[in-house]
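K.L.:
File protein32.cif below, mmCIF, C-alpha atoms and all ligand atoms:
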data_protein
loop_
_atom_site.label_atom_id
_atom_site.label_comp_id
_atom_site.auth_asym_id
_atom_site.auth_seq_id
_atom_site.Cartn_x
_atom_site.Cartn_y
_atom_site.Cartn_z
CA ALA X 1 111.74 95.80 80.39
CA ASP X 2 111.92 97.49 83.74
CA ASN X 3 111.58 94.73 86.32
CA ILE X 4 110.66 95.98 89.78
CA LEU X 5 111.04 92.43 91.14
CA GLU X 6 113.17 89.47 90.14
CA VAL X 7 112.91 86.18 91.95
CA ARG X 8 115.84 83.89 91.14
CA ASN X 9 115.99 80.22 92.11
CA LEU X 10 114.16 80.98 95.34
CA LYS X 11 113.96 78.18 97.89
CA LYS X 12 112.17 78.12 101.19
CA HIS X 13 112.57 74.84 103.04
CA PHE X 14 111.32 74.08 106.55
CA HIS X 15 112.73 71.50 108.95
CA VAL X 16 109.71 69.58 110.13
CA GLY X 17 111.31 67.17 112.61
CA GLY X 18 112.75 63.68 112.24
CA GLY X 19 115.35 65.08 109.87
CA LYS X 20 112.64 65.72 107.31
CA ILE X 21 112.55 68.80 105.12
CA LEU X 22 109.44 70.36 103.66
CA LYS X 23 110.35 72.01 100.37
CA ALA X 24 107.58 74.61 100.35
CA VAL X 25 109.20 76.69 97.63
CA ASP X 26 111.80 74.95 95.49
CA ASN X 27 113.77 76.76 92.83
CA VAL X 28 111.19 79.34 91.80
CA SER X 29 112.18 82.06 89.31
CA PHE X 30 110.05 84.82 87.79
CA SER X 31 110.07 88.56 87.35
CA ILE X 32 107.47 91.30 87.63
CA LYS X 33 107.49 94.45 85.51
CA ARG X 34 106.88 97.83 87.10
CA GLY X 35 103.15 98.66 87.08
CA GLU X 36 101.87 95.22 86.15
CA THR X 37 99.91 92.61 88.06
CA PHE X 38 101.44 89.17 88.28
CA GLY X 39 98.97 86.47 89.30
CA LEU X 40 100.45 83.53 91.21
CA VAL X 41 98.07 80.58 91.18
CA GLY X 42 97.97 77.10 92.65
CA GLU X 43 96.08 74.76 94.97
CA SER X 44 96.40 75.19 98.73
CA GLY X 45 99.77 73.96 99.96
CA CYS X 46 101.57 74.59 96.64
CA GLY X 47 103.84 77.19 98.24
CA LYS X 48 102.40 80.38 96.76
CA SER X 49 101.83 82.10 100.13
CA THR X 50 105.23 80.97 101.38
CA ALA X 51 106.77 82.45 98.22
CA GLY X 52 104.96 85.75 98.91
CA ARG X 53 106.07 85.78 102.53
CA THR X 54 109.67 85.06 101.58
CA ILE X 55 109.64 87.82 98.98
CA ILE X 56 108.48 90.37 101.56
CA ARG X 57 110.99 89.03 104.12
CA LEU X 58 108.48 87.69 106.61
CA TYR X 59 110.60 84.56 106.09
CA ASP X 60 114.31 84.22 105.41
CA ALA X 61 115.13 82.54 102.11
CA THR X 62 116.76 79.11 102.27
CA ASP X 63 118.51 79.84 98.99
CA GLY X 64 118.20 82.03 95.90
CA GLU X 65 117.61 85.73 95.52
CA VAL X 66 114.84 88.28 95.61
CA ILE X 67 115.86 91.45 93.78
CA PHE X 68 113.63 94.49 94.37
CA ASN X 69 114.48 97.76 92.65
CA GLY X 70 117.87 96.27 91.84
CA GLU X 71 118.75 95.30 95.43
CA ASN X 72 118.95 91.91 97.09
CA VAL X 73 116.08 92.05 99.59
CA HIS X 74 117.50 89.50 102.01
CA GLN X 75 120.74 91.44 102.42
CA LEU X 76 119.21 94.85 103.15
CA LYS X 77 120.04 96.57 106.40
CA GLY X 78 119.39 99.90 108.14
CA LYS X 79 118.03 102.69 105.99
CA LYS X 80 117.70 100.50 102.89
CA LEU X 81 115.70 97.91 104.83
CA LYS X 82 113.40 100.61 106.17
CA GLU X 83 112.88 101.88 102.64
CA PHE X 84 112.06 98.34 101.48
CA ASN X 85 109.58 97.91 104.32
CA ARG X 86 107.81 101.04 103.13
CA ASN X 87 107.88 100.14 99.46
CA MET X 88 106.49 96.64 99.77
CA GLN X 89 103.25 96.00 101.65
CA MET X 90 100.95 93.04 102.06
CA VAL X 91 97.18 92.54 102.00
CA PHE X 92 96.22 89.31 103.74
CA GLN X 93 93.70 86.63 102.88
CA ASP X 94 91.56 86.71 105.95
CA PRO X 95 90.15 90.16 106.68
CA TYR X 96 88.75 88.74 109.94
CA ALA X 97 92.03 87.49 111.35
CA SER X 98 94.39 90.14 110.01
CA LEU X 99 92.85 93.18 111.73
CA ASN X 100 93.46 93.58 115.47
CA PRO X 101 89.97 93.48 117.07
CA ARG X 102 91.00 95.81 119.92
CA MET X 103 92.27 98.59 117.69
CA THR X 104 90.10 101.22 116.04
CA VAL X 105 90.04 101.18 112.27
CA GLY X 106 91.83 104.54 112.28
CA ASP X 107 94.70 103.17 114.37
CA ILE X 108 94.89 100.03 112.23
CA ILE X 109 95.20 102.11 109.07
CA ALA X 110 97.75 104.43 110.68
CA GLU X 111 100.00 101.61 111.92
CA GLY X 112 102.59 102.09 109.18
CA ILE X 113 102.34 105.86 109.46
CA ASP X 114 103.15 105.56 113.18
CA ILE X 115 105.96 103.02 112.72
CA HIS X 116 107.64 105.20 110.11
CA GLY X 117 106.84 108.42 112.01
CA LEU X 118 105.30 110.06 108.95
CA TYR X 119 102.47 112.16 110.37
CA SER X 120 101.00 112.95 113.76
CA GLY X 121 98.05 114.90 115.19
CA SER X 122 95.63 116.44 112.74
CA LYS X 123 97.78 115.54 109.72
CA ARG X 124 97.60 111.87 110.71
CA LYS X 125 93.84 112.08 111.18
CA GLU X 126 93.44 113.79 107.82
CA ARG X 127 95.52 111.11 106.14
CA VAL X 128 93.42 108.31 107.70
CA HIS X 129 90.21 109.97 106.50
CA GLU X 130 91.64 110.38 103.03
CA LEU X 131 92.60 106.68 102.94
CA LEU X 132 89.14 105.63 104.12
CA ARG X 133 87.58 107.61 101.27
CA VAL X 134 90.07 106.20 98.75
CA VAL X 135 88.85 102.65 99.54
CA GLY X 136 85.17 103.60 99.51
CA LEU X 137 84.59 104.03 103.26
CA ASN X 138 84.07 107.28 105.16
CA ASP X 139 85.53 109.45 107.92
CA GLU X 140 83.22 108.19 110.69
CA HIS X 141 84.55 104.68 110.23
CA ALA X 142 87.91 105.68 111.77
CA SER X 143 86.60 105.45 115.34
CA ARG X 144 84.86 102.08 114.88
CA PHE X 145 86.21 98.57 115.45
CA PRO X 146 86.76 95.80 112.86
CA HIS X 147 83.86 93.62 114.08
CA GLU X 148 81.41 96.34 113.01
CA PHE X 149 82.29 95.76 109.37
CA SER X 150 81.44 93.17 106.72
CA GLY X 151 84.12 90.99 105.11
CA GLY X 152 84.32 93.20 102.03
CA GLN X 153 84.62 96.36 104.16
CA ARG X 154 87.32 94.74 106.28
CA GLN X 155 89.30 93.92 103.17
CA ARG X 156 88.96 97.59 102.15
CA ILE X 157 90.41 98.50 105.57
CA GLY X 158 93.29 96.07 104.94
CA ILE X 159 93.92 97.75 101.60
CA ALA X 160 93.85 101.23 103.18
CA ARG X 161 96.38 100.05 105.75
CA ALA X 162 98.65 98.76 102.96
CA LEU X 163 98.35 102.05 101.05
CA ALA X 164 98.97 104.30 104.05
CA ILE X 165 102.71 104.64 103.52
CA GLU X 166 102.53 104.81 99.74
CA PRO X 167 104.19 101.57 98.74
CA GLN X 168 105.29 100.80 95.18
CA PHE X 169 104.46 97.13 95.42
CA ILE X 170 101.66 95.19 97.10
CA ILE X 171 101.51 91.45 97.68
CA ALA X 172 97.84 90.52 97.90
CA ASP X 173 97.63 86.99 99.33
CA GLU X 174 94.23 85.63 98.31
CA PRO X 175 92.58 88.99 99.05
CA ILE X 176 89.19 87.89 97.71
CA SER X 177 89.07 84.17 98.56
CA ALA X 178 87.29 84.69 101.89
CA LEU X 179 84.70 87.06 100.41
CA ASP X 180 81.25 86.42 98.96
CA VAL X 181 81.32 86.07 95.19
CA SER X 182 79.18 89.22 94.87
CA ILE X 183 81.82 91.24 96.74
CA GLN X 184 84.89 89.78 95.02
CA ALA X 185 84.53 91.82 91.83
CA GLN X 186 84.19 95.04 93.85
CA VAL X 187 87.48 94.43 95.64
CA VAL X 188 89.22 93.48 92.38
CA ASN X 189 87.90 96.65 90.75
CA LEU X 190 89.11 98.75 93.67
CA LEU X 191 92.59 97.22 93.40
CA LYS X 192 92.64 97.85 89.64
CA GLN X 193 91.55 101.46 90.09
CA LEU X 194 94.19 102.09 92.77
CA GLN X 195 96.83 100.58 90.52
CA LYS X 196 95.90 102.93 87.70
CA GLU X 197 95.89 106.00 89.92
CA ARG X 198 99.08 105.19 91.80
CA GLY X 199 101.17 103.14 89.38
CA LEU X 200 101.25 100.24 91.83
CA THR X 201 102.69 96.83 91.03
CA TYR X 202 100.87 93.76 92.38
CA LEU X 203 101.72 90.20 93.15
CA PHE X 204 98.22 88.75 93.32
CA ILE X 205 98.06 85.28 94.88
CA ALA X 206 95.00 83.08 94.31
CA HIS X 207 94.01 79.42 94.39
CA ASP X 208 92.26 79.31 91.05
CA LEU X 209 92.68 80.77 87.61
CA ALA X 210 89.18 82.26 87.51
CA MET X 211 90.08 84.65 90.34
CA VAL X 212 93.13 86.16 88.68
CA LYS X 213 91.63 86.41 85.21
CA HIS X 214 90.39 89.98 85.41
CA ILE X 215 93.34 91.48 87.18
CA SER X 216 96.53 89.78 85.96
CA ASP X 217 98.76 90.91 83.11
CA ARG X 218 100.88 87.80 83.49
CA ILE X 219 100.26 84.61 85.42
CA GLY X 220 102.47 82.00 87.03
CA VAL X 221 101.09 78.56 87.92
CA MET X 222 102.58 76.69 90.89
CA TYR X 223 102.38 73.02 91.76
CA LEU X 224 103.97 71.40 94.80
CA GLY X 225 106.55 74.11 95.43
CA GLY X 226 107.54 74.67 91.81
CA LEU X 227 106.51 77.06 89.06
CA VAL X 228 105.21 75.01 86.12
CA GLU X 229 104.13 77.71 83.65
CA VAL X 230 104.38 81.49 83.22
CA ALA X 231 102.70 83.47 80.45
CA GLU X 232 100.77 86.60 79.64
CA GLY X 233 97.18 86.16 80.91
CA ASN X 234 95.28 85.89 77.62
CA GLU X 235 97.95 83.64 76.16
CA LEU X 236 97.71 81.29 79.14
CA TYR X 237 93.91 81.05 78.96
CA ARG X 238 93.97 80.59 75.18
CA LYS X 239 96.89 78.24 74.96
CA PRO X 240 97.90 76.51 78.19
CA LEU X 241 100.97 74.35 77.61
CA HIS X 242 101.46 72.53 80.90
CA PRO X 243 99.11 69.58 81.55
CA TYR X 244 98.40 70.95 85.05
CA THR X 245 97.40 74.37 83.70
CA GLU X 246 95.19 72.60 81.13
CA ALA X 247 93.43 70.74 83.92
CA LEU X 248 92.95 73.87 86.03
CA LEU X 249 91.49 75.74 83.06
CA SER X 250 89.17 72.91 82.13
CA ALA X 251 87.57 73.29 85.56
CA ILE X 252 86.51 76.90 84.93
CA PRO X 253 82.98 77.09 83.52
CA ILE X 254 82.59 79.01 80.26
CA PRO X 255 79.46 81.19 80.03
CA ASP X 256 78.74 80.17 76.42
CA PRO X 257 76.70 76.90 76.64
CA GLU X 258 77.66 75.95 73.06
CA VAL X 259 81.37 76.07 73.89
CA GLU X 260 80.76 74.49 77.29
CA ARG X 261 79.00 71.45 75.78
CA HIS X 262 81.94 70.55 73.56
CA ARG X 263 84.51 71.03 76.21
CA GLU X 264 86.34 68.23 77.86
CA ARG X 265 86.78 68.45 81.58
CA ILE X 266 90.14 67.06 82.69
CA ILE X 267 89.80 65.33 86.04
CA LEU X 268 93.10 64.80 87.81
CA GLU X 269 93.47 61.47 89.56
CA GLY X 270 94.81 61.15 93.08
CA ASP X 271 95.90 63.70 95.67
CA VAL X 272 98.70 66.22 95.64
CA PRO X 273 101.74 64.33 97.00
CA SER X 274 103.45 65.56 100.17
CA PRO X 275 106.04 68.30 99.69
CA ILE X 276 108.13 66.42 102.28
CA ASN X 277 108.52 63.50 99.92
CA PRO X 278 107.75 64.75 96.41
CA PRO X 279 107.92 62.42 93.38
CA SER X 280 111.24 62.16 91.55
CA GLY X 281 111.63 63.95 88.23
CA CYS X 282 108.54 66.00 87.41
CA ARG X 283 106.57 66.60 90.58
CA PHE X 284 103.31 66.50 88.64
CA ARG X 285 103.94 63.09 87.10
CA THR X 286 101.83 61.08 89.60
CA ARG X 287 98.75 62.95 88.40
CA CYS X 288 99.72 63.87 84.86
CA PRO X 289 97.55 62.34 82.11
CA LYS X 290 100.49 62.71 79.69
CA ALA X 291 103.33 61.35 81.83
CA MET X 292 106.11 59.50 80.00
CA PRO X 293 108.92 57.27 81.38
CA GLU X 294 111.47 60.11 81.30
CA CYS X 295 109.24 62.23 83.55
CA ALA X 296 110.29 60.08 86.52
CA GLU X 297 113.98 60.59 85.79
CA LEU X 298 114.51 64.22 84.91
CA ILE X 299 113.29 67.38 86.61
CA PRO X 300 111.85 69.59 83.84
CA GLU X 301 113.32 73.11 83.91
CA LEU X 302 111.16 76.17 83.32
CA LYS X 303 112.02 77.12 79.72
CA GLU X 304 110.83 79.80 77.30
CA VAL X 305 109.25 77.69 74.55
CA GLU X 306 107.43 80.56 72.85
CA PRO X 307 108.05 84.30 73.22
CA ASP X 308 107.28 85.19 76.86
CA HIS X 309 105.71 81.79 77.46
CA PHE X 310 107.58 79.57 79.90
CA VAL X 311 106.79 75.97 80.78
CA ALA X 312 108.43 73.21 82.83
CA CYS X 313 107.47 70.01 81.02
CA HIS X 314 109.28 67.37 78.95
CA LEU X 315 106.58 67.53 76.25
CA TYR X 316 108.27 70.73 75.04
CA LYS X 317 111.82 70.40 73.82
FE1 LIG X 401 103.44 65.50 82.62
FE2 LIG X 401 105.92 64.70 82.10
FE3 LIG X 401 105.19 67.18 81.49
FE4 LIG X 401 105.50 66.43 84.02
S1 LIG X 401 107.08 66.55 82.47
S2 LIG X 401 103.84 67.63 83.20
S3 LIG X 401 104.74 64.34 83.97
S4 LIG X 401 104.39 65.28 80.61
MG MG X 402 97.74 80.56 101.38
#
Once more with this new file: its structure as structure tokens, please.
Ligand code: SF4
Ligand code: MG
P.N.:
Amino acid sequence: ADNILEVRNLKKHFHVGGGKILKAVDNVSFSIKRGETFGLVGESGCGKSTAGRTIIRLYDATDGEVIFNGENVHQLKGKKLKEFNRNMQMVFQDPYASLNPRMTVGDIIAEGIDIHGLYSGSKRKERVHELLRVVGLNDEHASRFPHEFSGGQRQRIGIARALAIEPQFIIADEPISALDVSIQAQVVNLLKQLQKERGLTYLFIAHDLAMVKHISDRIGVMYLGGLVEVAEGNELYRKPLHPYTEALLSAIPIPDPEVERHRERIILEGDVPSPINPPSGCRFRTRCPKAMPECAELIPELKEVEPDHFVACHLYK
């Protein structure tokens, strides 16, 4: 397959004082095929945003590699780096905080165009109008300010800004989490439509599996800095292998009351441990209903246990 992105043994550790190290992302590996959407899911603090930010080079990597279009992202310089900065863009979680309140919407959208010196004058204006229409807004919106827009509209502005310099790849970090449920589907549909029209590849980050269901081709589940399971979307929903994925899925309501009645909800005991001092062996073991003695000793590696279905758990040999 043609992988646009390969993440290999990626680590992002932070020194947090007192000689302590927070292992936000610890040995994460996955790949994304050109044109697909990869959903990265996990509770807050699991390292999914940090992984996204390290992939796009907002952070240096502590160790490991990020390969984009065959090149090691963290070693790019000069012209190649500029090209990378064009090809990979980010849409942020909070459409309130991520748009500069003192800039007009037109200038916000044109930021990348200006940085890369792509268009000026009437061509630039035309391009901004075109982008506004592409995301379902209109030309008059260019001269307004972010506070005049609703959350859903602001996220559309964020998407237009990301599209302005025609990237190949977009990291969407919880793009719908801050939006009303009624608006979430609209933004997801817009992203899907743009992907179809432009052949975009997405890394779509979310905190629950329900949010990535309708957009992801494949899904990776993170827990406490590590990737615990990766599979094609339908496969993961139908047949979760990791006990953590099972628990996450059991929390999603199923519309069919007959199915819902016979379903067992898995309640996880305890809190997520600190990534500064994670449990030995399997990091999920303190909350895992299926933990065995060996889980405290050995770190389970992410292994392909069925075709294209990867899991990090000692239950699968
Ligand atoms: Fe549970 Fe052990 Fe599997 Fe970890 S390795 S998820 S503790 S069974
Ligand atoms: Mg986050």
K.L.:
From the set X:Ile254, X:Ile276, X:Val228, X:Val7, which residue has the shortest atom-to-atom contact distance to Ile299 (chain X), counting all atoms listed in the file?
P.N.:
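Closest residue, counting all atoms listed in the file: X:Val228.
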K.L.:
Find the residues around Val135 (chain X) up to 7 Å (only C-alpha atoms counted), leave out those fewer than 4 positions away in its own chain, and share them as a ChimeraX atom specification.
P.N.:
/X:131,156,160
K.L.:
What would the list of residues within 6 Å of (110.8, 74.4, 94.4) (file frame) look like as a CSV table (one decimal) with C-alpha atoms, in the frame of the given file, if only C-alpha atoms are what count?
P.N.:
chain,number,residue,atom,x,y,z
X,25,VAL,CA,109.2,76.7,97.6
X,26,ASP,CA,111.8,75.0,95.5
X,27,ASN,CA,113.8,76.8,92.8
X,28,VAL,CA,111.2,79.3,91.8
X,225,GLY,CA,106.6,74.1,95.4
X,226,GLY,CA,107.5,74.7,91.8
K.L.:
Enumerate as a PDB file with C-alpha atoms, in the coordinates of the input the residues within 10 Å of ligand MG 402 (chain X), counting only C-alpha atoms and all ligand atoms.
P.N.:
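Dumped everything to selection-v9.pdb:
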ATOM      1  CA  GLY X  42      97.970  77.100  92.650  1.00  0.00           C
ATOM      2  CA  GLU X  43      96.080  74.760  94.970  1.00  0.00           C
ATOM      3  CA  SER X  44      96.400  75.190  98.730  1.00  0.00           C
ATOM      4  CA  GLY X  45      99.770  73.960  99.960  1.00  0.00           C
ATOM      5  CA  CYS X  46     101.570  74.590  96.640  1.00  0.00           C
ATOM      6  CA  GLY X  47     103.840  77.190  98.240  1.00  0.00           C
ATOM      7  CA  LYS X  48     102.400  80.380  96.760  1.00  0.00           C
ATOM      8  CA  SER X  49     101.830  82.100 100.130  1.00  0.00           C
ATOM      9  CA  THR X  50     105.230  80.970 101.380  1.00  0.00           C
ATOM     10  CA  ALA X  51     106.770  82.450  98.220  1.00  0.00           C
ATOM     11  CA  GLY X  52     104.960  85.750  98.910  1.00  0.00           C
ATOM     12  CA  ARG X  53     106.070  85.780 102.530  1.00  0.00           C
ATOM     13  CA  PHE X  92      96.220  89.310 103.740  1.00  0.00           C
ATOM     14  CA  GLN X  93      93.700  86.630 102.880  1.00  0.00           C
ATOM     15  CA  ASP X  94      91.560  86.710 105.950  1.00  0.00           C
ATOM     16  CA  ASP X 173      97.630  86.990  99.330  1.00  0.00           C
ATOM     17  CA  GLU X 174      94.230  85.630  98.310  1.00  0.00           C
ATOM     18  CA  SER X 177      89.070  84.170  98.560  1.00  0.00           C
ATOM     19  CA  ILE X 205      98.060  85.280  94.880  1.00  0.00           C
ATOM     20  CA  ALA X 206      95.000  83.080  94.310  1.00  0.00           C
ATOM     21  CA  HIS X 207      94.010  79.420  94.390  1.00  0.00           C
TER      22      HIS X 207
END
K.L.:
Which residue is closest to His116 (chain X)? Choose from X:Arg218, X:Lys79, X:His141, X:His147 and count only C-alpha atoms.
P.N.:
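That would be X:Lys79, the residue with the smallest distance to His116 (chain X).
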K.L.:
Which residues, written as number ranges by chain, have at least one atom at most 6 Å from region 229-244 of chain X, with all atoms listed in the file counted and residues fewer than 6 positions away on the same chain left out?
P.N.:
X: 217-221, 309-311
K.L.:
Using all atoms listed in the file, what table do you get, as a Markdown table, when you list each residue of region 120-148 of chain X with an atom no more than 12 Å from region 189-192 of chain X, its nearest pair of atoms, and their distance in Å rounded to one decimal, rows by chain then rising number?
P.N.:
| residue | atom | partner | partner_atom | distance |
| --- | --- | --- | --- | --- |
| X:Arg133 | CA | X:Leu190 | CA | 11.8 |
| X:Val134 | CA | X:Leu190 | CA | 9.1 |
| X:Val135 | CA | X:Leu190 | CA | 7.1 |
| X:Gly136 | CA | X:Leu190 | CA | 8.6 |
| X:Leu137 | CA | X:Leu190 | CA | 11.8 |
K.L.:
Output C-alpha atoms for every residue in the selection just made, as a tab-separated table (two decimals), in the coordinates of the input.
P.N.:
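Written out: selection_30.tsv:
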chain	number	residue	atom	x	y	z
X	133	ARG	CA	87.58	107.61	101.27
X	134	VAL	CA	90.07	106.20	98.75
X	135	VAL	CA	88.85	102.65	99.54
X	136	GLY	CA	85.17	103.60	99.51
X	137	LEU	CA	84.59	104.03	103.26
K.L.:
Ranking X:Ala210, X:Ala251, X:Met222, X:Ile113 by minimum distance to ligand LIG 401 (chain X) and counting only C-alpha atoms and all ligand atoms, which one comes first?
P.N.:
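Closest residue, counting only C-alpha atoms and all ligand atoms: X:Met222.
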K.L.:
Let me make sure I understand: among X:Glu294, X:Glu166, X:Asp114, X:Glu130, which one has the smallest atom-to-atom distance to ligand LIG 401 (chain X) if we use all atoms listed in the file?
P.N.:
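That would be X:Glu294, the residue with the smallest distance to ligand LIG 401 (chain X).
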K.L.:
Work out how far apart CA of Phe145 (chain X) and CA of Val188 (chain X) are and give it in Å to one decimal.
P.N.:
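Those two atoms sit 23.8 Å apart.
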K.L.:
Can you tell me how far CA of Glu65 (chain X) sits from CA of Phe204 (chain X), in Å to one decimal?
P.N.:
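Atom-to-atom, CA of Glu65 (chain X) to CA of Phe204 (chain X), that is 19.7 Å.
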K.L.:
Set the cut-off to 7 Å, count all atoms listed in the file, and list whatever residues fall near ligand LIG 401 (chain X) as a list in words.
P.N.:
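Protein and nucleic-acid residues within 7 Å of ligand LIG 401 (chain X): His242, Pro243, Tyr244, Cys282, Arg283, Phe284, Arg285, Cys288, Pro289, Lys290, Ala291, Met292, Cys295, Pro300, Ala312, Cys313, His314 and Leu315 of chain X.
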K.L.:
Identify which of the residues X:Gly64, X:Pro101, X:Gly112, X:Gly158 lies closest to Ile171 (chain X), counting all atoms listed in the file when measuring atom-to-atom distances.
P.N.:
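The shortest atom-to-atom distance to Ile171 (chain X) comes from X:Gly158.
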K.L.:
Distance CA of Ile252 (chain X)-CA of Leu179 (chain X), one decimal place?
P.N.:
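Between these atoms lies a distance of 18.6 Å.
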K.L.:
Do a neighbour search on Lys125 (chain X) at 10 Å with all atoms listed in the file, toss out local chain neighbours closer than 6 positions, and write the hits as an mmCIF file with C-alpha atoms, keeping the file's coordinate frame.
P.N.:
data_model
loop_
_atom_site.group_PDB
_atom_site.id
_atom_site.type_symbol
_atom_site.label_atom_id
_atom_site.label_comp_id
_atom_site.auth_asym_id
_atom_site.auth_seq_id
_atom_site.Cartn_x
_atom_site.Cartn_y
_atom_site.Cartn_z
ATOM 1 C CA GLY X 106 91.830 104.540 112.280
ATOM 2 C CA ASP X 107 94.700 103.170 114.370
ATOM 3 C CA ALA X 110 97.750 104.430 110.680
ATOM 4 C CA TYR X 119 102.470 112.160 110.370
ATOM 5 C CA LEU X 131 92.600 106.680 102.940
ATOM 6 C CA ASP X 139 85.530 109.450 107.920
ATOM 7 C CA ALA X 142 87.910 105.680 111.770
#
K.L.:
Would you please work out which residue, of X:Ser122, X:Thr286, X:Ser280, X:Asn85, is nearest to Leu298 (chain X) when using only C-alpha atoms?
P.N.:
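Smallest distance to Leu298 (chain X) is found for X:Ser280.
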K.L.:
Could you give me, as a PDB file with C-alpha atoms, keeping the file's coordinate frame, the residues within 12 Å of Glu6 (chain X), counting only C-alpha atoms and dropping anything in the same chain fewer than 4 positions from it?
P.N.:
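Done, and the output landed in selection-v4.pdb:
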ATOM      1  CA  ALA X   1     111.740  95.800  80.390  1.00  0.00           C
ATOM      2  CA  ASP X   2     111.920  97.490  83.740  1.00  0.00           C
ATOM      3  CA  LEU X  10     114.160  80.980  95.340  1.00  0.00           C
ATOM      4  CA  VAL X  28     111.190  79.340  91.800  1.00  0.00           C
ATOM      5  CA  SER X  29     112.180  82.060  89.310  1.00  0.00           C
ATOM      6  CA  PHE X  30     110.050  84.820  87.790  1.00  0.00           C
ATOM      7  CA  SER X  31     110.070  88.560  87.350  1.00  0.00           C
ATOM      8  CA  ILE X  32     107.470  91.300  87.630  1.00  0.00           C
ATOM      9  CA  LYS X  33     107.490  94.450  85.510  1.00  0.00           C
ATOM     10  CA  ARG X  34     106.880  97.830  87.100  1.00  0.00           C
ATOM     11  CA  PHE X  38     101.440  89.170  88.280  1.00  0.00           C
ATOM     12  CA  ILE X  55     109.640  87.820  98.980  1.00  0.00           C
ATOM     13  CA  GLY X  64     118.200  82.030  95.900  1.00  0.00           C
ATOM     14  CA  GLU X  65     117.610  85.730  95.520  1.00  0.00           C
ATOM     15  CA  VAL X  66     114.840  88.280  95.610  1.00  0.00           C
ATOM     16  CA  ILE X  67     115.860  91.450  93.780  1.00  0.00           C
ATOM     17  CA  PHE X  68     113.630  94.490  94.370  1.00  0.00           C
ATOM     18  CA  ASN X  69     114.480  97.760  92.650  1.00  0.00           C
ATOM     19  CA  GLY X  70     117.870  96.270  91.840  1.00  0.00           C
ATOM     20  CA  GLU X  71     118.750  95.300  95.430  1.00  0.00           C
ATOM     21  CA  ASN X  72     118.950  91.910  97.090  1.00  0.00           C
ATOM     22  CA  VAL X  73     116.080  92.050  99.590  1.00  0.00           C
ATOM     23  CA  LEU X 203     101.720  90.200  93.150  1.00  0.00           C
TER      24      LEU X 203
END
K.L.:
Find the smallest box with edges along x, y and z containing every listed atom of region 80-88 of chain X, then add 3 Å on each side and report centre and edge lengths in Å to one decimal, as lines of an AutoDock Vina configuration file.
P.N.:
center_x = 112.1
center_y = 99.3
center_z = 102.8
size_x = 17.2
size_y = 11.2
size_z = 12.7
